[in-house]
Amino acid sequence: MIERIRKVVVVVEEIRLEGGAPDGAPLRKAAAMAVIPNPYAGLPFSEDLSELVGPSPELGTLLGARLAEALGAPLEGYGKGALVGTDGEQEHAVACITTPFGNALRAAVGGGTAWLSSFTKRAAPGEPVDIPLAYRDEIWVRSHYDGITVRVPDAPLSGEIVVIAAGTTRGRMHERLGGMTVAEAREAAR
């Protein structure tokens, strides 16, 4: 699958002020995206989607490494997603980011034990997608509920899929709505 990637796109944003004020270190968000062919595009319904599930760990490893590199600091929150072109089914996008992809992504970014939030949809080229993000080790850490909006201007073409790994270096700036803290999550994991 890696040799069939049309392109890899990496997006980084750094938020320094929120509400006009700083809040410690800047919040870095990044997404690494790979545009791959959809072997099932335009074909009759197939019960077996192993041509997408099978190579997905390679994508998880590649995108996780590119994501970690783009963040330039330890990853605290993450999420995943996929866009399928108009000749495919939403299930084709989901097949790319199931457990084999997620486990490889976790390993590439240095672990993480929490449920990995995700989003998939059918899309035209250039359509934006919001990737939900959550704390890497505990889904109930509210400070890390976030998201990143990304798009690839010329993808997915009708017979393609865009596979996405996204992450953050910290929780939202000036978070103040309570819930479990990172410290509490770490203590509970002991």
# chains A, B, ... in the order shown; residues from 1 in each chain; ligands from 1

call {"tool": "select_by_dssp", "arguments": {"residues": "region 8-170 of chain A", "states": "helix (DSSP H, G or I)", "output": "MDAnalysis selection string"}}
result
chainID A and resid 50:53 56:71 90:96 99:108 142:144

call {"tool": "residues_around", "arguments": {"residues": "region 84-93 of chain A", "least_positions_apart": "5", "cutoff": "12 Å", "atoms": "only C-alpha atoms", "output": "PDB file with C-alpha atoms, in the first residue's frame"}}
result
ATOM      1  CA  ALA A  34      -2.158   9.928   2.924  1.00  0.00           C
ATOM      2  CA  VAL A  35      -4.063   9.746  -0.365  1.00  0.00           C
ATOM      3  CA  ILE A  36      -4.419   6.110  -1.412  1.00  0.00           C
ATOM      4  CA  PRO A  37      -6.264   4.250  -4.175  1.00  0.00           C
ATOM      5  CA  ASN A  38      -9.545   2.570  -3.258  1.00  0.00           C
ATOM      6  CA  PRO A  39      -9.409  -0.970  -4.718  1.00  0.00           C
ATOM      7  CA  TYR A  40     -13.192  -1.312  -4.273  1.00  0.00           C
ATOM      8  CA  ALA A  41     -14.206   1.961  -5.962  1.00  0.00           C
ATOM      9  CA  GLY A  42     -16.896   1.511  -8.590  1.00  0.00           C
ATOM     10  CA  LEU A  43     -17.117  -2.252  -8.015  1.00  0.00           C
ATOM     11  CA  PRO A  44     -20.150  -4.228  -6.892  1.00  0.00           C
ATOM     12  CA  PHE A  45     -20.691  -4.604  -3.159  1.00  0.00           C
ATOM     13  CA  SER A  46     -17.981  -6.676  -1.467  1.00  0.00           C
ATOM     14  CA  GLU A  47     -18.362  -8.275   1.944  1.00  0.00           C
ATOM     15  CA  ASP A  48     -14.566  -8.675   2.215  1.00  0.00           C
ATOM     16  CA  LEU A  49     -12.651  -5.402   2.698  1.00  0.00           C
ATOM     17  CA  SER A  50      -9.309  -7.013   3.552  1.00  0.00           C
ATOM     18  CA  GLU A  51      -7.500  -5.169   0.743  1.00  0.00           C
ATOM     19  CA  LEU A  52      -7.953  -2.019   2.874  1.00  0.00           C
ATOM     20  CA  VAL A  53      -7.765  -3.478   6.387  1.00  0.00           C
ATOM     21  CA  SER A  56      -3.671  -0.309   7.207  1.00  0.00           C
ATOM     22  CA  THR A  98      -9.948   0.069  12.247  1.00  0.00           C
ATOM     23  CA  PHE A 101      -4.426   1.051  11.908  1.00  0.00           C
ATOM     24  CA  SER A 118     -12.594   8.917  14.602  1.00  0.00           C
ATOM     25  CA  PHE A 119     -14.726  10.273  11.779  1.00  0.00           C
ATOM     26  CA  THR A 120     -15.388   9.080   8.222  1.00  0.00           C
ATOM     27  CA  LYS A 121     -17.499  10.254   5.310  1.00  0.00           C
ATOM     28  CA  ARG A 122     -17.850  10.234   1.524  1.00  0.00           C
ATOM     29  CA  ALA A 123     -16.415  13.434   0.096  1.00  0.00           C
ATOM     30  CA  ALA A 124     -15.617  15.345  -3.055  1.00  0.00           C
ATOM     31  CA  PRO A 125     -12.047  16.585  -3.656  1.00  0.00           C
ATOM     32  CA  GLY A 126     -11.073  19.388  -1.298  1.00  0.00           C
ATOM     33  CA  GLU A 127     -13.946  18.873   1.107  1.00  0.00           C
ATOM     34  CA  VAL A 129     -13.296  17.205   7.569  1.00  0.00           C
ATOM     35  CA  ASP A 154      -7.314  17.657  -4.893  1.00  0.00           C
ATOM     36  CA  ALA A 155      -8.424  14.598  -2.921  1.00  0.00           C
ATOM     37  CA  PRO A 156     -10.115  12.280  -2.578  1.00  0.00           C
ATOM     38  CA  LEU A 157     -10.687  11.728  -6.278  1.00  0.00           C
ATOM     39  CA  SER A 158     -13.614   9.422  -7.002  1.00  0.00           C
ATOM     40  CA  GLY A 159     -11.462   6.288  -6.692  1.00  0.00           C
ATOM     41  CA  GLU A 160      -9.376   7.363  -3.697  1.00  0.00           C
ATOM     42  CA  ILE A 161      -9.362   7.484   0.086  1.00  0.00           C
ATOM     43  CA  VAL A 162      -7.677  10.082   2.310  1.00  0.00           C
ATOM     44  CA  VAL A 163      -6.501   8.488   5.566  1.00  0.00           C
ATOM     45  CA  ILE A 164      -5.829  10.907   8.441  1.00  0.00           C
TER      46      ILE A 164
END

call {"tool": "select_by_dssp", "arguments": {"residues": "region 18-167 of chain A", "states": "strand (DSSP E or B)", "output": "ChimeraX atom specification"}}
result
/A:18,21,27-37,77-84,118-122,129-135,146-150,152,155,160-167

call {"tool": "write_last_selection", "arguments": {"atoms": "N, CA and C atoms", "output": "tab-separated table (two decimals), in the first residue's frame"}}
result
chain	number	residue	atom	x	y	z
A	18	GLU	N	-5.53	32.66	23.09
A	18	GLU	CA	-6.95	32.33	23.04
A	18	GLU	C	-7.64	33.35	23.92
A	21	ALA	N	-5.29	36.08	25.28
A	21	ALA	CA	-4.28	35.87	26.32
A	21	ALA	C	-3.54	34.55	26.10
A	27	LEU	N	-0.32	25.71	21.94
A	27	LEU	CA	-1.02	24.46	21.60
A	27	LEU	C	-0.71	24.16	20.14
A	28	ARG	N	-0.02	23.05	19.91
A	28	ARG	CA	0.26	22.62	18.53
A	28	ARG	C	-0.70	21.51	18.16
A	29	LYS	N	-1.31	21.65	16.99
A	29	LYS	CA	-2.17	20.62	16.42
A	29	LYS	C	-1.58	20.27	15.07
A	30	ALA	N	-1.65	19.01	14.71
A	30	ALA	CA	-1.15	18.59	13.41
A	30	ALA	C	-1.98	17.44	12.88
A	31	ALA	N	-1.92	17.27	11.58
A	31	ALA	CA	-2.55	16.13	10.92
A	31	ALA	C	-1.64	15.66	9.80
A	32	ALA	N	-1.50	14.36	9.70
A	32	ALA	CA	-0.77	13.73	8.60
A	32	ALA	C	-1.78	12.93	7.79
A	33	MET	N	-1.78	13.15	6.47
A	33	MET	CA	-2.80	12.54	5.61
A	33	MET	C	-2.14	11.85	4.43
A	34	ALA	N	-2.64	10.66	4.09
A	34	ALA	CA	-2.16	9.93	2.92
A	34	ALA	C	-3.32	9.72	1.97
A	35	VAL	N	-3.06	9.96	0.69
A	35	VAL	CA	-4.06	9.75	-0.37
A	35	VAL	C	-3.73	8.42	-1.03
A	36	ILE	N	-4.66	7.46	-0.90
A	36	ILE	CA	-4.42	6.11	-1.41
A	36	ILE	C	-5.51	5.71	-2.41
A	37	PRO	N	-5.22	4.74	-3.27
A	37	PRO	CA	-6.26	4.25	-4.17
A	37	PRO	C	-7.27	3.39	-3.40
A	77	GLY	N	-2.94	14.35	22.79
A	77	GLY	CA	-4.27	14.00	22.31
A	77	GLY	C	-4.19	13.55	20.87
A	78	TYR	N	-5.17	12.71	20.46
A	78	TYR	CA	-5.15	12.27	19.07
A	78	TYR	C	-6.52	11.83	18.59
A	79	GLY	N	-6.59	11.63	17.28
A	79	GLY	CA	-7.79	11.15	16.62
A	79	GLY	C	-7.43	10.69	15.23
A	80	LYS	N	-8.40	10.11	14.54
A	80	LYS	CA	-8.16	9.58	13.20
A	80	LYS	C	-9.40	9.79	12.35
A	81	GLY	N	-9.22	9.68	11.04
A	81	GLY	CA	-10.36	9.83	10.15
A	81	GLY	C	-10.01	9.38	8.75
A	82	ALA	N	-11.03	9.35	7.91
A	82	ALA	CA	-10.82	9.00	6.50
A	82	ALA	C	-11.96	9.56	5.67
A	83	LEU	N	-11.60	9.96	4.46
A	83	LEU	CA	-12.56	10.44	3.46
A	83	LEU	C	-12.50	9.49	2.28
A	84	VAL	N	-13.65	9.03	1.82
A	84	VAL	CA	-13.69	8.16	0.64
A	84	VAL	C	-14.30	8.95	-0.52
A	118	SER	N	-12.75	8.93	16.06
A	118	SER	CA	-12.59	8.92	14.60
A	118	SER	C	-13.82	9.49	13.91
A	119	PHE	N	-13.63	9.79	12.61
A	119	PHE	CA	-14.73	10.27	11.78
A	119	PHE	C	-14.45	9.86	10.34
A	120	THR	N	-15.51	9.43	9.64
A	120	THR	CA	-15.39	9.08	8.22
A	120	THR	C	-16.60	9.62	7.46
A	121	LYS	N	-16.38	9.85	6.16
A	121	LYS	CA	-17.50	10.25	5.31
A	121	LYS	C	-17.09	10.14	3.85
A	122	ARG	N	-18.09	10.13	2.96
A	122	ARG	CA	-17.85	10.23	1.52
A	122	ARG	C	-17.67	11.71	1.23
A	129	VAL	N	-12.82	18.17	6.58
A	129	VAL	CA	-13.30	17.21	7.57
A	129	VAL	C	-12.78	17.63	8.93
A	130	ASP	N	-13.62	17.50	9.94
A	130	ASP	CA	-13.23	17.78	11.32
A	130	ASP	C	-12.85	16.47	12.00
A	131	ILE	N	-11.61	16.37	12.44
A	131	ILE	CA	-11.14	15.18	13.12
A	131	ILE	C	-11.24	15.43	14.62
A	132	PRO	N	-12.04	14.62	15.34
A	132	PRO	CA	-12.15	14.80	16.79
A	132	PRO	C	-10.89	14.32	17.49
A	133	LEU	N	-10.51	15.02	18.56
A	133	LEU	CA	-9.30	14.69	19.32
A	133	LEU	C	-9.66	14.50	20.79
A	134	ALA	N	-8.94	13.58	21.44
A	134	ALA	CA	-9.16	13.33	22.86
A	134	ALA	C	-7.83	12.92	23.49
A	135	TYR	N	-7.77	12.99	24.82
A	135	TYR	CA	-6.54	12.63	25.55
A	135	TYR	C	-6.15	11.19	25.24
A	146	ASP	N	-11.17	18.21	21.64
A	146	ASP	CA	-10.80	19.23	20.67
A	146	ASP	C	-11.01	18.66	19.27
A	147	GLY	N	-10.51	19.35	18.29
A	147	GLY	CA	-10.60	18.88	16.91
A	147	GLY	C	-9.70	19.71	16.02
A	148	ILE	N	-9.49	19.20	14.83
A	148	ILE	CA	-8.73	19.93	13.82
A	148	ILE	C	-9.45	19.74	12.49
A	149	THR	N	-9.59	20.83	11.75
A	149	THR	CA	-10.22	20.79	10.43
A	149	THR	C	-9.12	20.73	9.38
A	150	VAL	N	-9.22	19.74	8.50
A	150	VAL	CA	-8.22	19.56	7.46
A	150	VAL	C	-8.89	19.28	6.13
A	152	VAL	N	-7.55	18.19	1.77
A	152	VAL	CA	-6.55	18.05	0.72
A	152	VAL	C	-7.21	18.60	-0.54
A	155	ALA	N	-8.12	15.97	-3.33
A	155	ALA	CA	-8.42	14.60	-2.92
A	155	ALA	C	-9.55	14.60	-1.88
A	160	GLU	N	-10.42	7.25	-4.72
A	160	GLU	CA	-9.38	7.36	-3.70
A	160	GLU	C	-9.96	7.43	-2.29
A	161	ILE	N	-9.05	7.31	-1.33
A	161	ILE	CA	-9.36	7.48	0.09
A	161	ILE	C	-8.26	8.35	0.69
A	162	VAL	N	-8.64	9.30	1.53
A	162	VAL	CA	-7.68	10.08	2.31
A	162	VAL	C	-7.73	9.54	3.73
A	163	VAL	N	-6.61	9.04	4.21
A	163	VAL	CA	-6.50	8.49	5.57
A	163	VAL	C	-5.77	9.52	6.43
A	164	ILE	N	-6.30	9.78	7.63
A	164	ILE	CA	-5.83	10.91	8.44
A	164	ILE	C	-5.50	10.47	9.87
A	165	ALA	N	-4.35	10.92	10.36
A	165	ALA	CA	-3.97	10.80	11.77
A	165	ALA	C	-3.74	12.22	12.27
A	166	ALA	N	-4.30	12.56	13.41
A	166	ALA	CA	-4.18	13.93	13.93
A	166	ALA	C	-3.84	13.90	15.41
A	167	GLY	N	-3.21	14.97	15.89
A	167	GLY	CA	-2.86	15.02	17.29
A	167	GLY	C	-2.58	16.41	17.80

call {"tool": "atom_distance", "arguments": {"atom1": "CA of Ile2 (chain A)", "atom2": "CA of Pro153 (chain A)"}}
result
20.8 Å

call {"tool": "residues_around", "arguments": {"residues": "Ala104 (chain A)", "least_positions_apart": "5", "cutoff": "6 Å", "atoms": "only C-alpha atoms", "output": "list in words"}}
result
Pro57, Gly60 and Thr61 of chain A

call {"tool": "atom_distance", "arguments": {"atom1": "CA of Ile139 (chain A)", "atom2": "CA of Ala107 (chain A)"}}
result
17.9 Å

call {"tool": "closest_residue", "arguments": {"among": "A:Leu59, A:Ala65, A:Leu71, A:Met173", "to": "Ile97 (chain A)", "atoms": "only C-alpha atoms"}}
result
A:Leu59

call {"tool": "closest_residue", "arguments": {"among": "A:Val8, A:Ala70, A:Leu75, A:Ala188", "to": "Gly171 (chain A)", "atoms": "only C-alpha atoms"}}
result
A:Leu75

call {"tool": "residues_around", "arguments": {"residues": "Gly19 (chain A)", "least_positions_apart": "5", "cutoff": "12 Å", "atoms": "only C-alpha atoms", "output": "MDAnalysis selection string"}}
result
chainID A and resid 172:175

call {"tool": "write_last_selection", "arguments": {"atoms": "C-alpha atoms", "output": "PDB file, in the first residue's frame"}}
result
ATOM      1  CA  ARG A 172      -7.259  23.351  24.985  1.00  0.00           C
ATOM      2  CA  MET A 173      -5.968  26.752  26.045  1.00  0.00           C
ATOM      3  CA  HIS A 174      -7.635  28.176  29.159  1.00  0.00           C
ATOM      4  CA  GLU A 175      -9.739  25.030  29.651  1.00  0.00           C
TER       5      GLU A 175
END

call {"tool": "decode", "arguments": {"residues": "region 23-156 of chain A", "atoms": "C-alpha atoms", "output": "CSV table (one decimal), in the first residue's frame"}}
result
chain,number,residue,atom,x,y,z
A,23,ASP,CA,-1.8,30.1,28.5
A,24,GLY,CA,1.6,28.5,28.9
A,25,ALA,CA,3.2,26.7,26.0
A,26,PRO,CA,1.5,27.1,22.6
A,27,LEU,CA,-1.0,24.5,21.6
A,28,ARG,CA,0.3,22.6,18.5
A,29,LYS,CA,-2.2,20.6,16.4
A,30,ALA,CA,-1.1,18.6,13.4
A,31,ALA,CA,-2.6,16.1,10.9
A,32,ALA,CA,-0.8,13.7,8.6
A,33,MET,CA,-2.8,12.5,5.6
A,34,ALA,CA,-2.2,9.9,2.9
A,35,VAL,CA,-4.1,9.7,-0.4
A,36,ILE,CA,-4.4,6.1,-1.4
A,37,PRO,CA,-6.3,4.3,-4.2
A,38,ASN,CA,-9.5,2.6,-3.3
A,39,PRO,CA,-9.4,-1.0,-4.7
A,40,TYR,CA,-13.2,-1.3,-4.3
A,41,ALA,CA,-14.2,2.0,-6.0
A,42,GLY,CA,-16.9,1.5,-8.6
A,43,LEU,CA,-17.1,-2.3,-8.0
A,44,PRO,CA,-20.1,-4.2,-6.9
A,45,PHE,CA,-20.7,-4.6,-3.2
A,46,SER,CA,-18.0,-6.7,-1.5
A,47,GLU,CA,-18.4,-8.3,1.9
A,48,ASP,CA,-14.6,-8.7,2.2
A,49,LEU,CA,-12.7,-5.4,2.7
A,50,SER,CA,-9.3,-7.0,3.6
A,51,GLU,CA,-7.5,-5.2,0.7
A,52,LEU,CA,-8.0,-2.0,2.9
A,53,VAL,CA,-7.8,-3.5,6.4
A,54,GLY,CA,-4.7,-5.6,5.7
A,55,PRO,CA,-2.2,-2.9,4.8
A,56,SER,CA,-3.7,-0.3,7.2
A,57,PRO,CA,-1.0,-0.9,9.9
A,58,GLU,CA,1.6,0.4,7.3
A,59,LEU,CA,-0.4,3.6,7.0
A,60,GLY,CA,-0.8,3.9,10.8
A,61,THR,CA,3.0,3.6,11.2
A,62,LEU,CA,3.8,6.1,8.4
A,63,LEU,CA,1.2,8.7,9.4
A,64,GLY,CA,2.0,8.3,13.2
A,65,ALA,CA,5.7,9.0,12.5
A,66,ARG,CA,4.9,12.0,10.3
A,67,LEU,CA,2.4,13.3,13.0
A,68,ALA,CA,5.0,13.0,15.8
A,69,GLU,CA,7.6,14.7,13.7
A,70,ALA,CA,5.2,17.6,12.8
A,71,LEU,CA,4.2,18.1,16.4
A,72,GLY,CA,7.8,18.4,17.5
A,73,ALA,CA,6.8,17.6,21.1
A,74,PRO,CA,5.2,14.7,23.0
A,75,LEU,CA,1.7,13.9,21.8
A,76,GLU,CA,-1.1,14.3,24.4
A,77,GLY,CA,-4.3,14.0,22.3
A,78,TYR,CA,-5.2,12.3,19.1
A,79,GLY,CA,-7.8,11.2,16.6
A,80,LYS,CA,-8.2,9.6,13.2
A,81,GLY,CA,-10.4,9.8,10.1
A,82,ALA,CA,-10.8,9.0,6.5
A,83,LEU,CA,-12.6,10.4,3.5
A,84,VAL,CA,-13.7,8.2,0.6
A,85,GLY,CA,-14.2,9.4,-2.9
A,86,THR,CA,-17.6,9.3,-4.6
A,87,ASP,CA,-17.1,5.9,-6.2
A,88,GLY,CA,-16.6,4.3,-2.8
A,89,GLU,CA,-18.6,3.5,0.3
A,90,GLN,CA,-18.2,5.0,3.7
A,91,GLU,CA,-17.3,1.5,4.9
A,92,HIS,CA,-14.2,1.6,2.7
A,93,ALA,CA,-13.0,4.6,4.7
A,94,VAL,CA,-13.8,2.9,8.0
A,95,ALA,CA,-11.8,-0.2,6.8
A,96,CYS,CA,-8.7,1.9,6.6
A,97,ILE,CA,-8.8,3.1,10.2
A,98,THR,CA,-9.9,0.1,12.2
A,99,THR,CA,-8.0,-1.5,15.1
A,100,PRO,CA,-4.9,-2.6,13.0
A,101,PHE,CA,-4.4,1.1,11.9
A,102,GLY,CA,-5.1,2.4,15.4
A,103,ASN,CA,-2.7,0.0,17.1
A,104,ALA,CA,0.1,1.0,14.6
A,105,LEU,CA,-0.7,4.7,15.1
A,106,ARG,CA,-0.5,4.3,18.9
A,107,ALA,CA,2.9,2.6,18.6
A,108,ALA,CA,4.2,5.2,16.2
A,109,VAL,CA,3.3,8.1,18.5
A,110,GLY,CA,4.6,6.5,21.7
A,111,GLY,CA,1.6,4.7,23.1
A,112,GLY,CA,-1.8,5.7,24.3
A,113,THR,CA,-4.4,3.5,25.9
A,114,ALA,CA,-7.7,5.4,25.4
A,115,TRP,CA,-10.3,4.8,22.8
A,116,LEU,CA,-9.2,6.6,19.6
A,117,SER,CA,-11.9,8.9,18.3
A,118,SER,CA,-12.6,8.9,14.6
A,119,PHE,CA,-14.7,10.3,11.8
A,120,THR,CA,-15.4,9.1,8.2
A,121,LYS,CA,-17.5,10.3,5.3
A,122,ARG,CA,-17.9,10.2,1.5
A,123,ALA,CA,-16.4,13.4,0.1
A,124,ALA,CA,-15.6,15.3,-3.1
A,125,PRO,CA,-12.0,16.6,-3.7
A,126,GLY,CA,-11.1,19.4,-1.3
A,127,GLU,CA,-13.9,18.9,1.1
A,128,PRO,CA,-13.0,19.7,4.7
A,129,VAL,CA,-13.3,17.2,7.6
A,130,ASP,CA,-13.2,17.8,11.3
A,131,ILE,CA,-11.1,15.2,13.1
A,132,PRO,CA,-12.2,14.8,16.8
A,133,LEU,CA,-9.3,14.7,19.3
A,134,ALA,CA,-9.2,13.3,22.9
A,135,TYR,CA,-6.5,12.6,25.5
A,136,ARG,CA,-4.4,9.7,24.6
A,137,ASP,CA,-4.8,7.7,27.8
A,138,GLU,CA,-8.2,8.4,29.1
A,139,ILE,CA,-11.3,9.5,27.1
A,140,TRP,CA,-12.8,11.3,30.1
A,141,VAL,CA,-10.1,14.0,30.3
A,142,ARG,CA,-12.3,16.9,29.2
A,143,SER,CA,-9.5,19.4,28.7
A,144,HIS,CA,-8.4,17.5,25.6
A,145,TYR,CA,-11.7,17.4,23.8
A,146,ASP,CA,-10.8,19.2,20.7
A,147,GLY,CA,-10.6,18.9,16.9
A,148,ILE,CA,-8.7,19.9,13.8
A,149,THR,CA,-10.2,20.8,10.4
A,150,VAL,CA,-8.2,19.6,7.5
A,151,ARG,CA,-8.6,19.1,3.7
A,152,VAL,CA,-6.6,18.1,0.7
A,153,PRO,CA,-7.4,20.4,-2.2
A,154,ASP,CA,-7.3,17.7,-4.9
A,155,ALA,CA,-8.4,14.6,-2.9
A,156,PRO,CA,-10.1,12.3,-2.6
